[in-house]
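To be precise, the following lines are entry_37.tsv, and they hold TSV, C-alpha atoms.
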```
chain	number	residue	atom	x	y	z
F	1	MET	CA	6.70	-6.39	-18.24
F	2	TYR	CA	8.76	-6.10	-15.08
F	3	GLU	CA	7.80	-3.69	-12.37
F	4	ARG	CA	8.84	-2.86	-8.84
F	5	PHE	CA	6.14	-1.65	-6.47
F	6	GLY	CA	6.14	0.10	-3.12
F	7	LEU	CA	4.03	0.19	0.01
F	8	LEU	CA	1.26	2.80	0.10
F	9	ILE	CA	1.46	4.05	3.68
F	10	ASP	CA	-0.18	7.25	4.91
F	11	ASN	CA	-0.91	8.38	1.34
F	12	ALA	CA	2.72	8.01	0.18
F	13	TRP	CA	4.54	5.29	-1.75
F	14	ARG	CA	7.63	3.98	0.01
F	15	ALA	CA	9.99	1.04	0.07
F	16	SER	CA	9.95	-1.49	2.87
F	17	SER	CA	11.85	-0.21	5.88
F	18	GLY	CA	13.78	-3.48	5.87
F	19	GLY	CA	14.67	-3.11	2.20
F	20	GLN	CA	13.49	-6.65	1.41
F	21	THR	CA	11.36	-7.55	-1.60
F	22	MET	CA	9.78	-10.72	-2.90
F	23	ALA	CA	9.22	-11.91	-6.44
F	24	VAL	CA	5.83	-12.08	-8.13
F	25	PHE	CA	5.48	-14.83	-10.73
F	26	SER	CA	3.14	-15.19	-13.70
F	27	PRO	CA	0.78	-18.14	-13.11
F	28	VAL	CA	0.87	-18.82	-16.85
F	29	SER	CA	4.56	-18.73	-17.71
F	30	GLU	CA	5.98	-18.97	-14.18
F	31	GLU	CA	8.40	-16.18	-15.06
F	32	GLU	CA	9.16	-13.41	-12.58
F	33	ILE	CA	7.07	-10.38	-13.59
F	34	GLY	CA	7.74	-8.01	-10.72
F	35	ARG	CA	8.81	-7.50	-7.15
F	36	ILE	CA	6.82	-6.32	-4.15
F	37	PRO	CA	8.16	-5.06	-0.83
F	38	SER	CA	8.13	-7.33	2.22
F	39	ALA	CA	6.56	-5.17	4.90
F	40	THR	CA	8.18	-5.17	8.33
F	41	ALA	CA	6.44	-4.75	11.67
F	42	GLN	CA	7.52	-1.10	11.54
F	43	ASP	CA	5.81	-0.70	8.14
F	44	VAL	CA	2.62	-2.31	9.44
F	45	GLU	CA	2.61	-0.02	12.49
F	46	ALA	CA	3.04	3.04	10.23
F	47	ALA	CA	0.17	1.83	8.03
F	48	LEU	CA	-2.10	1.36	11.05
F	49	VAL	CA	-1.30	4.82	12.41
F	50	GLY	CA	-1.93	6.39	8.98
F	51	ALA	CA	-5.19	4.46	8.55
F	52	ALA	CA	-6.43	5.55	11.98
F	53	ARG	CA	-5.62	9.18	11.17
F	54	GLY	CA	-7.36	8.93	7.80
F	55	PHE	CA	-10.42	7.26	9.29
F	56	ALA	CA	-10.74	10.00	11.91
F	57	LEU	CA	-10.87	12.60	9.11
F	58	TRP	CA	-13.18	10.49	6.92
F	59	ARG	CA	-15.63	9.83	9.75
F	60	GLU	CA	-16.03	13.59	10.35
F	61	THR	CA	-16.66	14.28	6.65
F	62	PRO	CA	-20.38	14.61	5.85
F	63	ALA	CA	-21.87	11.71	3.86
F	64	TRP	CA	-22.77	14.04	0.97
F	65	THR	CA	-19.14	15.17	0.62
F	66	ARG	CA	-17.84	11.59	0.87
F	67	SER	CA	-20.23	10.46	-1.88
F	68	LYS	CA	-18.74	12.94	-4.31
```

Could you take the file, read its structure, and then write that structure out as structure tokens?
Amino acid sequence: MYERFGLLIDNAWRASSGGQTMAVFSPVSEEEIGRIPSATAQDVEAALVGAARGFALWRETPAWTRSK
């Protein structure tokens, strides 16, 4: 099973802005089982901005609605 994953930033999957990835290895067989993006500072900044925007909306949502 070999998969390639993306970064979930601002409710959208995307590749690293730097295009770099790193291997993920099985702890059992030590074989490469996938690759994950290496986030850049630009990616982290975009994630923080998206999280702040999402939190602002979430905080204004009534508790009853959030619990659903």

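You will find atom CA of F:Glu32 at 25.5 Å from atom CA of F:Val44.
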
Go through F:Pro62, F:Arg4, F:Ala39, F:Glu45 one by one, measure the shortest atom-to-atom distance of each to F:Ala23 using only C-alpha atoms, and give the residue with the smallest value.
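Answer, going by the shortest atom-to-atom distance: F:Arg4.
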
Select, from F:Arg66, F:Phe5, F:Leu57, F:Ser16, the residue with the minimum atom-to-atom distance to F:Asp43, counting all atoms listed in the file.
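Looking only at the distances to F:Asp43, the closest residue turns out to be F:Ser16.
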
Could you tell me which of F:Ile36, F:Val24, F:Ala41, F:Val49 comes closest to F:Gly6 if we count only C-alpha atoms?
F:Ile36

Identify which of the residues F:Phe55, F:Thr65, F:Gln20, F:Arg14 lies closest to F:Thr40, counting only C-alpha atoms when measuring atom-to-atom distances.
F:Gln20

Got a sec: who's within 9 Å of F:Ala47, counting all atoms listed in the file, leaving out chain neighbours fewer than 5 positions off, as an mmCIF file with C-alpha atoms, keeping the file's coordinate frame?
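Saved the output as result_38.cif:
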```
data_model
loop_
_atom_site.group_PDB
_atom_site.id
_atom_site.type_symbol
_atom_site.label_atom_id
_atom_site.label_comp_id
_atom_site.auth_asym_id
_atom_site.auth_seq_id
_atom_site.Cartn_x
_atom_site.Cartn_y
_atom_site.Cartn_z
ATOM 1 C CA LEU F 8 1.260 2.800 0.100
ATOM 2 C CA ILE F 9 1.460 4.050 3.680
ATOM 3 C CA ASP F 10 -0.180 7.250 4.910
ATOM 4 C CA GLN F 42 7.520 -1.100 11.540
ATOM 5 C CA ALA F 52 -6.430 5.550 11.980
#
```

Atom CA of F:Ala56 and atom CA of F:Leu7, how far apart in Å?
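Rounded to one decimal, the two atoms are 21.4 Å apart.
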
Within 12 Å of F:Phe25, counting only C-alpha atoms, which residues qualify if same-chain residues fewer than 2 places away don't, as a short mmCIF file (atom, residue, chain, number, x, y, z; two decimals) with C-alpha atoms, in the coordinates of the input?
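As written to disk, result.cif reads:
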```cif
data_model
loop_
_atom_site.label_atom_id
_atom_site.label_comp_id
_atom_site.auth_asym_id
_atom_site.auth_seq_id
_atom_site.Cartn_x
_atom_site.Cartn_y
_atom_site.Cartn_z
CA MET F 1 6.70 -6.39 -18.24
CA TYR F 2 8.76 -6.10 -15.08
CA GLU F 3 7.80 -3.69 -12.37
CA MET F 22 9.78 -10.72 -2.90
CA ALA F 23 9.22 -11.91 -6.44
CA PRO F 27 0.78 -18.14 -13.11
CA VAL F 28 0.87 -18.82 -16.85
CA SER F 29 4.56 -18.73 -17.71
CA GLU F 30 5.98 -18.97 -14.18
CA GLU F 31 8.40 -16.18 -15.06
CA GLU F 32 9.16 -13.41 -12.58
CA ILE F 33 7.07 -10.38 -13.59
CA GLY F 34 7.74 -8.01 -10.72
CA ARG F 35 8.81 -7.50 -7.15
CA ILE F 36 6.82 -6.32 -4.15
#
```

Expressed in Å, the length from atom CA of F:Ala12 to atom CA of F:Ala46 is 11.2 Å

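Between F:Gly54 and the candidates F:Ser26, F:Ser17, F:Asn11, F:Ser38, the tightest atom-to-atom separation, counting all atoms listed in the file, involves F:Asn11.
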